[in-house]
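S.K.: Submitted below is the structure of interest, expressed as structure tokens.
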Amino acid sequence: MEADTLGRQTDETPVMNDIVGYRSFHADPNFNYQFNRWLPYLPEDELIEAARRVNSLPTFQQVMFELAQKAEAENRTSKAAFYYRGAEFFTHTSDPEKPIAYQKFQELFAASTAGETYESDRIPFDDGFLPMISIPAKGEEIDTLVVHGGFDSFIEEFYWMMKEHAEAGYRVILFEGPGQGGALHKYGLKMTHDWARVVGAVLDHMKVESCTLMGISLGGCLAMRAAAKEKRIERVVANDAMVSFYGCLANRLGESKAKLLGFLLRNNLAAIVNRVMGKAVAADSTTAWAVAHGLNVTGTKTPFEYLKWAQAMTTGEISAKVTQDVLLLGAKDDHLVPLNQFFSQQASLTNARSVTARLFTAEEEASSHCHVGNQILVQKLIASWIMERLES
């Protein structure tokens with residue numbers, strides 16, 4: 001093994017493996033998804049054992065921290081990085097361990113990629129900066145692929161996946177906008193609905209005149225909002241398609257509770273909403289984490305303000321303004337995004353130059369949110385689609 005820049009030893013095994021398949025690690029769909037999310041980066045046998053020990057949010061956090069510290073002590077740098085990332089995810093925003101886990105992930109990611117060819121930079125934006133990773137194209141540059149996440153991802157998570165596109169000839173630019181990753185953790189920038197201004201700042205800084213934009217998770221909604229205004233975006237990939245962020249939140253309540261919440265919001269009954277949500281937060285640690293996370297990302301002060309903010313995060317009023325080539329990706333068994341949003345987004349893109357819609361299924365091991373379980377299939381399809389659009 002070779003020593004990294006921090007004096008530790010780097011992993012002998014590949015950082016990202018080629019495992020295909022969505023596993024049944026845990027009975028709880030949220031915990032199960034997170035274990036599957038990190039499977040490409042972490043040993044499956046360790047995740048199986050970890051899942052056996054998890055029965056609550058605090059135990060998930062505890063187990064992932066323990067595994068992170070163990071991997072770090074054993075000089076398994078990249079594994080430690082992603083265990084810290086897993087621990088950070090479900091750590092409450094008020095917990096002092098959260099920034100520690102984030103910093104550890106950053107340091108260990110940098111250590112595990114010390115020999116890689118990429119540029120890390122930060123792009124000035126408002127009163128802070130947008131973190132960026134730029135991966136040069138191998139050989140002749142085919143296109144520029146600009147990539148961002150959604151409500152809770154970091155760009156480092158996407159590096160190894162997106163490196164494959166760079167190897168195929170694409171200049172790849174990964175960035176974190178307001179409310180995401182370092183833009184939030186380091187600079188306190190809260191998420192904005194005006195994603196076109198965010199993407200525009202990235203394109204200006206990187207001197208990009210034409211590109212393909214890919215948004216992941218909530219990023220599928222953000223990318224559409226950007227494409228409606230920013231015409232240097234020639235092609236847009238919604239991975240996954242998302243029409244309404246609020247619709248995703250309300251869907252988790254069930255039909256009757258969602259109708260009641262909609263009534264309260266329409267009539268601006270803030271006190272009742274905040275009181276009901278306060279009771280829900282007090283009764284359930286997962287709800288407490290989710291609400292605190294939402295307030296932190298958006299900069300809102302109360303659950304009522306957060307839900308009103310979420311209602312405005314939609315593609316409903318802008319879809320007809322999207323004139324580019326569009327690739328919509330959907331997941332048939334997505335536990336976060338209602339399936340009807342995939343079809344609604346497809347129908348509303350009435351002025352797009354072209355619309356390609358692809359719904360992934362369980363048979364393809366890609367029917368979960370953002371197709372966790374078979375990224376190889378998904379990224380091949382994206383690369384093929386970009387090439388077809390460039391050649392048409």
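Ligands are numbered from 1 in the order shown, residues from 1 within each chain, and chains are lettered A, B, ... in the order they appear in the structure tokens.
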Output as CSV one row per residue of stretch 200-231 of chain A within 10 Å of stretch 325-337 of chain A: the closest atom pair and its distance in Å to one decimal place, counting only C-alpha atoms, sorted by chain and residue number ascending.
M.R.:
residue,atom,partner,partner_atom,distance
A:Thr212,CA,A:Asp325,CA,9.3
A:Leu213,CA,A:Val326,CA,9.7
A:Met214,CA,A:Leu327,CA,9.2
A:Ile216,CA,A:Leu329,CA,9.9
A:Ser217,CA,A:Val337,CA,8.8
A:Leu218,CA,A:Val337,CA,9.2
A:Gly220,CA,A:Leu328,CA,8.4
A:Met224,CA,A:Val326,CA,9.0
A:Ala227,CA,A:Val326,CA,9.7
S.K.: At a cut-off of 12 Å, using only C-alpha atoms, what residues contact A:Met387? Leave out same-chain residues fewer than 5 positions from it and give the result as a ChimeraX atom specification.
M.R.: /A:142-145,165,168-170,212,235,325,380-382,392
S.K.: Atom CA of A:Glu164 and atom CA of A:Lys138, how far apart in Å?
M.R.: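 These atoms are spaced 9.9 Å apart.
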S.K.: I need the residue nearest A:Ala226 from this list: A:Arg197, A:Arg353, A:His205, A:His92. Use only C-alpha atoms for the distance.
M.R.: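 Smallest distance to A:Ala226 is found for A:Arg197.
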S.K.: Stretch 181-183 of chain A: which residues within 12 Å, counting only C-alpha atoms, same-chain residues fewer than 2 positions away excluded, as an MDAnalysis selection string?
M.R.: chainID A and resid 85 88:89 99 102:103 105:106 121:133 148:157 174:179 185:192 198 296:297
S.K.: So how far away is atom CA of A:Arg37 from atom CA of A:Glu72, in Å?
M.R.: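 Atom CA of A:Arg37 lies 20.3 Å from atom CA of A:Glu72.
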S.K.: Just the alpha helix (DSSP H) stuff from stretch 25-167 of chain A, please, per backbone DSSP, written as a ChimeraX atom specification.
M.R.: /A:29-38,44-53,57-73,77-89,97-112,155-167
S.K.: From the list A:Val236, A:Ala228, A:Leu108, A:Ala282, which residue is nearest A:Lys79 when using only C-alpha atoms?
M.R.: A:Leu108
S.K.: Identify which of the residues A:Glu363, A:Tyr159, A:Asn351, A:Val291 lies closest to A:Ser94, counting only C-alpha atoms when measuring atom-to-atom distances.
M.R.: A:Val291
S.K.: Contacts of stretch 372-377 of chain A at 10 Å or less, counting only C-alpha atoms, minus same-chain residues fewer than 5 places along, as a list in words?
M.R.: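 Selected residues are Asp18, Ile19, Val20, Gly21, Tyr22, Arg23, Tyr33, Gln34, Asn36, Arg37, Trp38, Leu39, Pro40, Met161, Glu164, Ala331, Asp334, Phe360, Ala362, Glu364, Glu365, Ala366, Ser367 and Ile382 of chain A.
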S.K.: Excluding same-chain residues fewer than 5 positions from stretch 65-71 of chain A, what lies within 10 Å of it counting only C-alpha atoms, as an mmCIF file with N, CA, C and O atoms, in the first residue's frame?
M.R.:
data_model
loop_
_atom_site.group_PDB
_atom_site.id
_atom_site.type_symbol
_atom_site.label_atom_id
_atom_site.label_comp_id
_atom_site.auth_asym_id
_atom_site.auth_seq_id
_atom_site.Cartn_x
_atom_site.Cartn_y
_atom_site.Cartn_z
ATOM 1 N N GLU A 46 -19.800 -6.442 6.556
ATOM 2 C CA GLU A 46 -19.831 -5.487 7.663
ATOM 3 C C GLU A 46 -21.172 -4.779 7.735
ATOM 4 O O GLU A 46 -21.678 -4.492 8.830
ATOM 5 N N LEU A 47 -21.752 -4.490 6.593
ATOM 6 C CA LEU A 47 -23.064 -3.842 6.577
ATOM 7 C C LEU A 47 -24.154 -4.781 7.078
ATOM 8 O O LEU A 47 -25.094 -4.349 7.760
ATOM 9 N N ALA A 50 -23.818 -4.745 10.756
ATOM 10 C CA ALA A 50 -24.253 -3.444 11.266
ATOM 11 C C ALA A 50 -25.773 -3.362 11.310
ATOM 12 O O ALA A 50 -26.356 -2.872 12.281
ATOM 13 N N THR A 59 -29.016 4.227 17.355
ATOM 14 C CA THR A 59 -28.146 3.067 17.169
ATOM 15 C C THR A 59 -27.514 3.054 15.780
ATOM 16 O O THR A 59 -26.375 2.605 15.620
ATOM 17 N N PHE A 60 -28.230 3.559 14.777
ATOM 18 C CA PHE A 60 -27.635 3.662 13.436
ATOM 19 C C PHE A 60 -26.403 4.563 13.508
ATOM 20 O O PHE A 60 -25.324 4.212 13.011
ATOM 21 N N ARG A 76 -7.925 1.749 6.690
ATOM 22 C CA ARG A 76 -8.805 1.554 5.530
ATOM 23 C C ARG A 76 -9.461 2.907 5.251
ATOM 24 O O ARG A 76 -10.611 3.157 5.629
ATOM 25 N N THR A 77 -8.717 3.746 4.576
ATOM 26 C CA THR A 77 -9.044 5.167 4.494
ATOM 27 C C THR A 77 -10.382 5.441 3.841
ATOM 28 O O THR A 77 -11.220 6.170 4.392
ATOM 29 N N SER A 78 -10.607 4.895 2.659
ATOM 30 C CA SER A 78 -11.855 5.190 1.953
ATOM 31 C C SER A 78 -13.054 4.583 2.680
ATOM 32 O O SER A 78 -14.142 5.166 2.704
ATOM 33 N N LYS A 79 -12.864 3.410 3.289
ATOM 34 C CA LYS A 79 -13.961 2.792 4.029
ATOM 35 C C LYS A 79 -14.327 3.649 5.241
ATOM 36 O O LYS A 79 -15.515 3.881 5.527
ATOM 37 N N ALA A 80 -13.328 4.134 5.935
ATOM 38 C CA ALA A 80 -13.577 5.016 7.072
ATOM 39 C C ALA A 80 -14.323 6.260 6.634
ATOM 40 O O ALA A 80 -15.251 6.727 7.307
ATOM 41 N N ALA A 81 -13.941 6.805 5.474
ATOM 42 C CA ALA A 81 -14.603 8.012 4.960
ATOM 43 C C ALA A 81 -16.097 7.786 4.804
ATOM 44 O O ALA A 81 -16.918 8.595 5.263
ATOM 45 N N PHE A 82 -16.477 6.677 4.185
ATOM 46 C CA PHE A 82 -17.899 6.457 3.913
ATOM 47 C C PHE A 82 -18.665 5.985 5.140
ATOM 48 O O PHE A 82 -19.874 6.210 5.229
ATOM 49 N N TYR A 83 -17.990 5.388 6.106
ATOM 50 C CA TYR A 83 -18.659 5.115 7.382
ATOM 51 C C TYR A 83 -18.960 6.428 8.111
ATOM 52 O O TYR A 83 -20.043 6.589 8.689
ATOM 53 N N TYR A 84 -18.007 7.355 8.077
ATOM 54 C CA TYR A 84 -18.266 8.662 8.691
ATOM 55 C C TYR A 84 -19.405 9.375 7.960
ATOM 56 O O TYR A 84 -20.233 10.032 8.585
ATOM 57 N N ARG A 85 -19.450 9.226 6.641
ATOM 58 C CA ARG A 85 -20.544 9.839 5.878
ATOM 59 C C ARG A 85 -21.881 9.223 6.288
ATOM 60 O O ARG A 85 -22.880 9.937 6.464
ATOM 61 N N GLY A 86 -21.907 7.903 6.441
ATOM 62 C CA GLY A 86 -23.130 7.248 6.877
ATOM 63 C C GLY A 86 -23.561 7.706 8.256
ATOM 64 O O GLY A 86 -24.744 7.926 8.513
ATOM 65 N N ALA A 87 -22.605 7.874 9.146
ATOM 66 C CA ALA A 87 -22.912 8.348 10.496
ATOM 67 C C ALA A 87 -23.434 9.778 10.460
ATOM 68 O O ALA A 87 -24.397 10.128 11.160
ATOM 69 N N GLU A 88 -22.809 10.619 9.652
ATOM 70 C CA GLU A 88 -23.206 12.028 9.563
ATOM 71 C C GLU A 88 -24.637 12.174 9.085
ATOM 72 O O GLU A 88 -25.367 13.056 9.551
ATOM 73 N N GLU A 97 -21.401 16.067 17.167
ATOM 74 C CA GLU A 97 -20.726 15.031 16.390
ATOM 75 C C GLU A 97 -20.911 15.221 14.882
ATOM 76 O O GLU A 97 -20.122 14.696 14.096
ATOM 77 N N ALA A 101 -18.078 14.485 12.066
ATOM 78 C CA ALA A 101 -18.212 13.436 11.053
ATOM 79 C C ALA A 101 -18.019 13.998 9.651
ATOM 80 O O ALA A 101 -17.378 13.364 8.800
ATOM 81 N N LYS A 104 -14.317 14.673 9.100
ATOM 82 C CA LYS A 104 -13.619 13.406 8.920
ATOM 83 C C LYS A 104 -13.828 12.862 7.510
ATOM 84 O O LYS A 104 -12.894 12.373 6.864
ATOM 85 N N PHE A 105 -15.080 12.912 7.045
ATOM 86 C CA PHE A 105 -15.362 12.441 5.689
ATOM 87 C C PHE A 105 -14.549 13.223 4.669
ATOM 88 O O PHE A 105 -13.954 12.639 3.756
#
S.K.: Please determine, counting only C-alpha atoms, which residue among A:Ala288, A:Ala201, A:Cys221, A:Leu359 has the shortest atom-to-atom distance to A:Cys248.
M.R.: A:Cys221
S.K.: Could you find all residues in stretch 58-248 of chain A that DSSP calls strand (DSSP E) from the backbone, and write them as a PDB file with C-alpha atoms, in the first residue's frame?
M.R.:
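For reference, selection.pdb as written:
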ATOM      1  CA  GLU A 119      -9.209  19.916  -9.184  1.00  0.00           C
ATOM      2  CA  SER A 120     -10.959  21.050  -6.007  1.00  0.00           C
ATOM      3  CA  ASP A 121     -12.003  24.672  -5.887  1.00  0.00           C
ATOM      4  CA  ARG A 122     -14.685  26.953  -4.487  1.00  0.00           C
ATOM      5  CA  ILE A 123     -16.845  29.304  -6.509  1.00  0.00           C
ATOM      6  CA  PRO A 124     -17.854  32.687  -5.035  1.00  0.00           C
ATOM      7  CA  PHE A 125     -21.609  32.948  -4.486  1.00  0.00           C
ATOM      8  CA  GLY A 128     -20.011  32.340   0.693  1.00  0.00           C
ATOM      9  CA  PHE A 129     -18.692  29.788  -1.743  1.00  0.00           C
ATOM     10  CA  LEU A 130     -19.853  26.742  -3.706  1.00  0.00           C
ATOM     11  CA  PRO A 131     -17.476  23.748  -3.396  1.00  0.00           C
ATOM     12  CA  MET A 132     -16.521  22.217  -6.728  1.00  0.00           C
ATOM     13  CA  ILE A 133     -14.631  19.218  -8.070  1.00  0.00           C
ATOM     14  CA  SER A 134     -13.552  19.274 -11.720  1.00  0.00           C
ATOM     15  CA  ILE A 135     -12.414  16.064 -13.419  1.00  0.00           C
ATOM     16  CA  ASP A 143     -18.874  17.444 -23.724  1.00  0.00           C
ATOM     17  CA  THR A 144     -19.057  19.059 -20.294  1.00  0.00           C
ATOM     18  CA  LEU A 145     -21.193  17.233 -17.749  1.00  0.00           C
ATOM     19  CA  VAL A 146     -22.230  19.377 -14.769  1.00  0.00           C
ATOM     20  CA  VAL A 147     -23.587  17.434 -11.791  1.00  0.00           C
ATOM     21  CA  HIS A 148     -25.225  18.378  -8.488  1.00  0.00           C
ATOM     22  CA  TYR A 170     -16.425  14.051 -20.669  1.00  0.00           C
ATOM     23  CA  ARG A 171     -15.209  17.000 -18.663  1.00  0.00           C
ATOM     24  CA  VAL A 172     -17.072  16.563 -15.367  1.00  0.00           C
ATOM     25  CA  ILE A 173     -17.876  19.403 -12.968  1.00  0.00           C
ATOM     26  CA  LEU A 174     -19.399  18.441  -9.621  1.00  0.00           C
ATOM     27  CA  PHE A 175     -20.650  21.253  -7.417  1.00  0.00           C
ATOM     28  CA  CYS A 211     -23.179  21.576 -21.182  1.00  0.00           C
ATOM     29  CA  THR A 212     -25.288  18.682 -20.017  1.00  0.00           C
ATOM     30  CA  LEU A 213     -26.707  19.230 -16.524  1.00  0.00           C
ATOM     31  CA  MET A 214     -27.554  16.319 -14.253  1.00  0.00           C
ATOM     32  CA  GLY A 215     -29.463  16.741 -10.999  1.00  0.00           C
ATOM     33  CA  ILE A 216     -29.712  13.818  -8.578  1.00  0.00           C
ATOM     34  CA  ILE A 233     -27.693  24.016 -20.558  1.00  0.00           C
ATOM     35  CA  GLU A 234     -28.211  22.083 -23.792  1.00  0.00           C
ATOM     36  CA  ARG A 235     -29.264  18.785 -22.236  1.00  0.00           C
ATOM     37  CA  VAL A 236     -30.737  18.056 -18.811  1.00  0.00           C
ATOM     38  CA  VAL A 237     -30.896  14.781 -16.891  1.00  0.00           C
ATOM     39  CA  ALA A 238     -33.392  14.450 -14.035  1.00  0.00           C
ATOM     40  CA  ASN A 239     -32.069  11.573 -11.948  1.00  0.00           C
TER      41      ASN A 239
END
S.K.: Take atom CA of A:Thr93 and atom CA of A:Trp195 and report the distance between them in Å, one decimal.
M.R.: 24.0 Å
S.K.: Can you tell me, as a VMD selection string, what residues are no more than 10 Å from stretch 283-285 of chain A when counting only C-alpha atoms, ignoring any on the same chain fewer than 4 positions away?
M.R.: chain A and resid 56 to 58 92 277 to 279 289 to 291
S.K.: Suppose we keep all heavy atoms; can you now write the selection as a PDB file, in the first residue's frame?
M.R.:
ATOM      1  N   SER A  56     -32.846   1.750  15.834  1.00  0.00           N
ATOM      2  CA  SER A  56     -33.313   3.118  16.030  1.00  0.00           C
ATOM      3  C   SER A  56     -32.324   4.067  15.381  1.00  0.00           C
ATOM      4  O   SER A  56     -31.224   3.667  14.969  1.00  0.00           O
ATOM      5  CB  SER A  56     -33.426   3.451  17.524  1.00  0.00           C
ATOM      6  OG  SER A  56     -32.136   3.420  18.126  1.00  0.00           O
ATOM      7  N   LEU A  57     -32.712   5.337  15.291  1.00  0.00           N
ATOM      8  CA  LEU A  57     -31.811   6.351  14.739  1.00  0.00           C
ATOM      9  C   LEU A  57     -30.525   6.461  15.559  1.00  0.00           C
ATOM     10  O   LEU A  57     -29.427   6.476  14.976  1.00  0.00           O
ATOM     11  CB  LEU A  57     -32.530   7.700  14.679  1.00  0.00           C
ATOM     12  CG  LEU A  57     -32.182   8.610  13.503  1.00  0.00           C
ATOM     13  CD1 LEU A  57     -32.562   7.973  12.189  1.00  0.00           C
ATOM     14  CD2 LEU A  57     -32.921   9.947  13.660  1.00  0.00           C
ATOM     15  N   PRO A  58     -30.607   6.554  16.884  1.00  0.00           N
ATOM     16  CA  PRO A  58     -29.368   6.640  17.669  1.00  0.00           C
ATOM     17  C   PRO A  58     -28.444   5.439  17.477  1.00  0.00           C
ATOM     18  O   PRO A  58     -27.217   5.601  17.425  1.00  0.00           O
ATOM     19  CB  PRO A  58     -29.879   6.721  19.116  1.00  0.00           C
ATOM     20  CG  PRO A  58     -31.234   7.329  19.009  1.00  0.00           C
ATOM     21  CD  PRO A  58     -31.806   6.748  17.744  1.00  0.00           C
ATOM     22  N   HIS A  92     -28.325  14.382  14.183  1.00  0.00           N
ATOM     23  CA  HIS A  92     -29.151  15.591  14.319  1.00  0.00           C
ATOM     24  C   HIS A  92     -28.291  16.832  14.123  1.00  0.00           C
ATOM     25  O   HIS A  92     -27.115  16.862  14.507  1.00  0.00           O
ATOM     26  CB  HIS A  92     -29.810  15.609  15.695  1.00  0.00           C
ATOM     27  CG  HIS A  92     -30.955  16.560  15.817  1.00  0.00           C
ATOM     28  ND1 HIS A  92     -30.779  17.926  15.985  1.00  0.00           N
ATOM     29  CD2 HIS A  92     -32.301  16.355  15.790  1.00  0.00           C
ATOM     30  CE1 HIS A  92     -31.966  18.507  16.068  1.00  0.00           C
ATOM     31  NE2 HIS A  92     -32.906  17.580  15.946  1.00  0.00           N
ATOM     32  N   MET A 277     -46.807  19.471  14.344  1.00  0.00           N
ATOM     33  CA  MET A 277     -45.470  19.000  13.997  1.00  0.00           C
ATOM     34  C   MET A 277     -44.583  18.918  15.240  1.00  0.00           C
ATOM     35  O   MET A 277     -43.732  18.038  15.346  1.00  0.00           O
ATOM     36  CB  MET A 277     -44.848  19.917  12.949  1.00  0.00           C
ATOM     37  CG  MET A 277     -45.519  19.853  11.588  1.00  0.00           C
ATOM     38  SD  MET A 277     -45.474  18.200  10.853  1.00  0.00           S
ATOM     39  CE  MET A 277     -43.714  17.983  10.627  1.00  0.00           C
ATOM     40  N   GLY A 278     -44.784  19.828  16.169  1.00  0.00           N
ATOM     41  CA  GLY A 278     -44.013  19.789  17.410  1.00  0.00           C
ATOM     42  C   GLY A 278     -44.261  18.513  18.193  1.00  0.00           C
ATOM     43  O   GLY A 278     -43.336  17.920  18.755  1.00  0.00           O
ATOM     44  N   LYS A 279     -45.514  18.082  18.235  1.00  0.00           N
ATOM     45  CA  LYS A 279     -45.851  16.824  18.908  1.00  0.00           C
ATOM     46  C   LYS A 279     -45.228  15.632  18.175  1.00  0.00           C
ATOM     47  O   LYS A 279     -44.734  14.693  18.811  1.00  0.00           O
ATOM     48  CB  LYS A 279     -47.366  16.659  18.980  1.00  0.00           C
ATOM     49  CG  LYS A 279     -48.060  17.637  19.930  1.00  0.00           C
ATOM     50  CD  LYS A 279     -49.566  17.400  19.954  1.00  0.00           C
ATOM     51  CE  LYS A 279     -50.261  18.362  20.918  1.00  0.00           C
ATOM     52  NZ  LYS A 279     -51.729  18.171  20.932  1.00  0.00           N
ATOM     53  N   TRP A 289     -35.307  14.327  13.481  1.00  0.00           N
ATOM     54  CA  TRP A 289     -34.141  14.502  12.608  1.00  0.00           C
ATOM     55  C   TRP A 289     -34.551  15.128  11.275  1.00  0.00           C
ATOM     56  O   TRP A 289     -33.905  16.073  10.793  1.00  0.00           O
ATOM     57  CB  TRP A 289     -33.470  13.151  12.352  1.00  0.00           C
ATOM     58  CG  TRP A 289     -32.495  13.217  11.218  1.00  0.00           C
ATOM     59  CD1 TRP A 289     -31.205  13.651  11.256  1.00  0.00           C
ATOM     60  CD2 TRP A 289     -32.761  12.882   9.837  1.00  0.00           C
ATOM     61  NE1 TRP A 289     -30.636  13.611   9.998  1.00  0.00           N
ATOM     62  CE2 TRP A 289     -31.571  13.139   9.111  1.00  0.00           C
ATOM     63  CE3 TRP A 289     -33.880  12.392   9.170  1.00  0.00           C
ATOM     64  CZ2 TRP A 289     -31.487  12.920   7.740  1.00  0.00           C
ATOM     65  CZ3 TRP A 289     -33.790  12.170   7.809  1.00  0.00           C
ATOM     66  CH2 TRP A 289     -32.604  12.426   7.102  1.00  0.00           C
ATOM     67  N   ALA A 290     -35.611  14.620  10.650  1.00  0.00           N
ATOM     68  CA  ALA A 290     -36.028  15.074   9.327  1.00  0.00           C
ATOM     69  C   ALA A 290     -36.440  16.540   9.339  1.00  0.00           C
ATOM     70  O   ALA A 290     -36.074  17.308   8.437  1.00  0.00           O
ATOM     71  CB  ALA A 290     -37.176  14.204   8.810  1.00  0.00           C
ATOM     72  N   VAL A 291     -37.185  16.953  10.349  1.00  0.00           N
ATOM     73  CA  VAL A 291     -37.629  18.343  10.431  1.00  0.00           C
ATOM     74  C   VAL A 291     -36.443  19.262  10.682  1.00  0.00           C
ATOM     75  O   VAL A 291     -36.303  20.312  10.038  1.00  0.00           O
ATOM     76  CB  VAL A 291     -38.696  18.517  11.533  1.00  0.00           C
ATOM     77  CG1 VAL A 291     -39.005  19.998  11.753  1.00  0.00           C
ATOM     78  CG2 VAL A 291     -39.973  17.773  11.153  1.00  0.00           C
TER      79      VAL A 291
END
S.K.: Nearest residue to A:Thr302 out of A:Ser112, A:Asn340, A:Asn274, A:Gln180, using only C-alpha atoms?
M.R.: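 Using only C-alpha atoms, A:Thr302 sits closest to A:Asn274.
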